[in-house]
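Report on the following structure.
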Amino acid sequence: MLRSMYSGISGMKNFQTKLDVIGNNIANVNTYGFKKGRVTFKDTMNQTISGASGATDSKGGKNPMQVGLGSTLASIDIVDTQSSLQTTGRSLDLAIDGDGYFIVKNGNSNLYTRAGNFYLDNTGTLVNSDGMKVQQYDSTGNLKDIVVDVNSILPSQLTDAIKIVGNLPKSVSGITEQTQQIEVVDAKGVKHVLELKTSSNNGKTWKLTFEDKSLDAPPANKPDDNKVSINLVYDAANNKWTQNGTKIKLKLNDGTGKAVLSNDINLDLTKLTFGGENLNAVFTPNGQIQGSLESFNIGSKGEVNGVYSNGKVIQLGVLALAKFSNPAGLQKAGNNLLQATVNSGTANYGIPGDGLGTLAPGSLEMSNVDLSEEFTEMIVAQRGFQANTRIITTSDEILQELINLKR
């Protein structure tokens, strides 16, 4: 009887713990990135009344006889299944689609989370709601803070090369011409729009003509005074353009309509082919005017891209993720954070999509708590608790009957 009472007490304690875990799950049904808990039980020690005996020639074997002495907790697990994603439209809200955890730095230690509601502090550092700094991979593969300087300026860069890709046909009938506009930047950081004509009348020699249309009209007796031209000839014996690497100087507007020569500009023809009948050469000058950061965004691969007023998109960093051999071995540290333990394994850092999940910008991962499941488990736990109280009540009544034998 006393054994049954203590078995009932152990069952009550276990079901109380189960109700505590269920209550925590329900309380966090709307907590972003929350992973629900699960309680499992196991029986505790057993008192052996008689052991097992084997069969003999004259008698069969006998099973052991044991009385169980209650139950105890087997585990309180973190169920780290993927939950559904909620679209928020906010650029700093990130959800992980797949495996991995965001890495945030608290002092000198790293913590981990699935909650991707991030913010910028007054220094432009990407942080979580508690001010812990979100980590990225730098060029050397080390972790560092993500800083977006909203006042950053991208300096101008003069044009010193023009890359030409595509094809120039080997034979043409009549005069063939292609016209396009290109943008070059001078040493003062000023942009100039030039008209570029690619022409030939036989296909053997191709002529490039650069002209700044904003220059004052040339004299009538010198109609080509504002133009700079160069002929391209293909060396079939050596399979290359003889003008590859040639440096030219363009005539640019000095701001008053007068022509000034640019710095040396290198012609890169290594990706330009010669043959066929299609004329599809594309000219790409380098260089850029000064630009200020207008906006930034985070891509599905974790890349933090800055968009500048000069049209340039510069990668400012790559968001890092962590992966563990045993995610269920992580320990909850509160505030939607997890920390590594000896049984979770060492954190393996990487970038989204490289053996890890990808990011869903403008979304947040919802809690994986299922209310219908939790309420069902609550009913089971409640009935289990009540059943164990009946064990104690019944055992108490039997003890009372024994006491009454004395009367």
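Ligands are numbered from 1 in the order shown, chains are lettered A, B, ... in the order of the structure tokens, and residues start at 1 in each chain.
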*Could you name the residues that touch region 91-101 of chain A at 8 Å or less, counting only C-alpha atoms, but leaving out those on the same chain fewer than 6 positions away, as JSON, numbers by chain?*
{"A": [82, 85, 112, 113, 114, 115, 116, 117, 118, 119, 297, 298, 321, 322, 323, 324, 356, 357, 358, 359, 360, 361, 362, 363, 364, 365]}
Using 10 Å as the limit and counting only C-alpha atoms, can you tabulate each residue of region 318-353 of chain A that touches region 20-36 of chain A, with its shortest atom-to-atom distance in Å and the two atoms involved, as JSON lines?
```
{"residue": "A:Lys332", "atom": "CA", "partner": "A:Lys35", "partner_atom": "CA", "distance": 9.9}
{"residue": "A:Asn335", "atom": "CA", "partner": "A:Phe34", "partner_atom": "CA", "distance": 9.9}
{"residue": "A:Asn336", "atom": "CA", "partner": "A:Phe34", "partner_atom": "CA", "distance": 6.7}
{"residue": "A:Leu337", "atom": "CA", "partner": "A:Phe34", "partner_atom": "CA", "distance": 9.3}
```
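For the atom pair formed by CA of Glu374 (chain A) and CA of Thr393 (chain A), the distance is 28.5 Å, given to one decimal.
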*Can you pull out every residue within 8 Å of region 71-78 of chain A, counting only C-alpha atoms, but drop anything in the same chain fewer than 6 positions away, and send it as a ChimeraX atom specification?*
/A:7,10-11,14,35-44,328
Write out as a JSON list (two decimals) with N, CA and C atoms, in the first residue's frame each polymer residue whose atoms come within 8 Å of region 303-317 of chain A, counting only C-alpha atoms; drop sequence neighbours fewer than 2 positions from it.
```json
[["chain", "number", "residue", "atom", "x", "y", "z"],
["A", 136, "GLN", "N", 28.31, 37.97, -39.18],
["A", 136, "GLN", "CA", 28.49, 37.67, -40.59],
["A", 136, "GLN", "C", 29.84, 37.00, -40.78],
["A", 137, "TYR", "N", 30.05, 36.47, -42.00],
["A", 137, "TYR", "CA", 31.35, 35.94, -42.40],
["A", 137, "TYR", "C", 32.12, 37.03, -43.10],
["A", 138, "ASP", "N", 33.38, 37.25, -42.70],
["A", 138, "ASP", "CA", 34.20, 38.20, -43.44],
["A", 138, "ASP", "C", 35.00, 37.44, -44.49],
["A", 146, "ILE", "N", 27.83, 42.88, -38.37],
["A", 146, "ILE", "CA", 27.32, 43.44, -39.63],
["A", 146, "ILE", "C", 27.02, 44.92, -39.39],
["A", 148, "VAL", "N", 26.02, 48.52, -41.28],
["A", 148, "VAL", "CA", 25.52, 49.21, -42.47],
["A", 148, "VAL", "C", 25.61, 50.71, -42.20],
["A", 154, "LEU", "N", 30.40, 56.09, -51.70],
["A", 154, "LEU", "CA", 31.21, 55.29, -52.61],
["A", 154, "LEU", "C", 32.00, 56.25, -53.49],
["A", 288, "GLN", "N", 33.10, 54.70, -62.17],
["A", 288, "GLN", "CA", 31.83, 55.06, -61.54],
["A", 288, "GLN", "C", 31.92, 56.47, -60.98],
["A", 289, "ILE", "N", 30.78, 57.13, -60.94],
["A", 289, "ILE", "CA", 30.72, 58.43, -60.29],
["A", 289, "ILE", "C", 30.52, 58.22, -58.79],
["A", 290, "GLN", "N", 30.70, 59.24, -58.01],
["A", 290, "GLN", "CA", 30.50, 59.14, -56.56],
["A", 290, "GLN", "C", 29.04, 58.84, -56.25],
["A", 291, "GLY", "N", 28.81, 57.99, -55.27],
["A", 291, "GLY", "CA", 27.44, 57.65, -54.89],
["A", 291, "GLY", "C", 27.29, 57.52, -53.39],
["A", 292, "SER", "N", 26.12, 57.80, -52.88],
["A", 292, "SER", "CA", 25.81, 57.64, -51.46],
["A", 292, "SER", "C", 24.84, 56.48, -51.30],
["A", 293, "LEU", "N", 24.91, 55.83, -50.14],
["A", 293, "LEU", "CA", 24.04, 54.68, -49.87],
["A", 293, "LEU", "C", 22.59, 55.14, -49.78],
["A", 294, "GLU", "N", 21.74, 54.56, -50.64],
["A", 294, "GLU", "CA", 20.32, 54.90, -50.64],
["A", 294, "GLU", "C", 19.48, 53.87, -49.89],
["A", 295, "SER", "N", 19.84, 52.60, -50.03],
["A", 295, "SER", "CA", 19.10, 51.54, -49.37],
["A", 295, "SER", "C", 19.97, 50.29, -49.33],
["A", 296, "PHE", "N", 19.49, 49.30, -48.62],
["A", 296, "PHE", "CA", 20.19, 48.01, -48.60],
["A", 296, "PHE", "C", 19.15, 46.91, -48.46],
["A", 297, "ASN", "N", 19.56, 45.70, -48.81],
["A", 297, "ASN", "CA", 18.67, 44.56, -48.70],
["A", 297, "ASN", "C", 19.48, 43.32, -48.39],
["A", 298, "ILE", "N", 18.81, 42.29, -47.93],
["A", 298, "ILE", "CA", 19.45, 41.02, -47.60],
["A", 298, "ILE", "C", 18.85, 39.95, -48.48],
["A", 299, "GLY", "N", 19.70, 39.23, -49.21],
["A", 299, "GLY", "CA", 19.25, 38.22, -50.14],
["A", 299, "GLY", "C", 19.08, 36.86, -49.50],
["A", 300, "SER", "N", 18.58, 35.90, -50.28],
["A", 300, "SER", "CA", 18.30, 34.56, -49.77],
["A", 300, "SER", "C", 19.57, 33.80, -49.41],
["A", 301, "LYS", "N", 20.71, 34.20, -49.95],
["A", 301, "LYS", "CA", 21.99, 33.58, -49.62],
["A", 301, "LYS", "C", 22.71, 34.32, -48.50],
["A", 319, "LEU", "N", 25.60, 37.21, -44.24],
["A", 319, "LEU", "CA", 25.08, 36.74, -42.96],
["A", 319, "LEU", "C", 25.52, 35.30, -42.72]]
```
*Hey, can you check how far CA of Val185 (chain A) sits from CA of Gly257 (chain A)?*
16.4 Å
*Considering only C-alpha atoms, state which residue in the set A:Val369, A:Val165, A:Ile379, A:Ile403 is at the smallest distance from Thr81 (chain A).*
A:Val369
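Nearest to Leu168 (chain A) of all the residues A:Asn201, A:Ser372, A:Asn266, A:Thr273 is A:Thr273, based on only C-alpha atoms.
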*Of the listed residues A:Leu232, A:Lys406, A:Gln180, A:Thr209, that which approaches Val282 (chain A) most closely, counting only C-alpha atoms*: A:Gln180
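Counting only C-alpha atoms, the residue from A:Ser214, A:Asn167, A:Thr56, A:Thr176 that sits nearest to Tyr234 (chain A) is A:Asn167.
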_Point-to-point distance in Å for CA of Gly302 (chain A) and CA of Thr125 (chain A)_ = 15.7 Å
*Identify, with DSSP run on backbone atoms, the residues in region 52-277 of chain A assigned to strand (DSSP E), and express the list as an MDAnalysis selection string.*
chainID A and resid 65:68 71:78 85:87 94:97 101:106 109:113 119:120 126:127 133:137 143:145 153:154 161:168 176:185 191:200 205:211 227:235 240:241 247:248 251:253 259:261 265:274
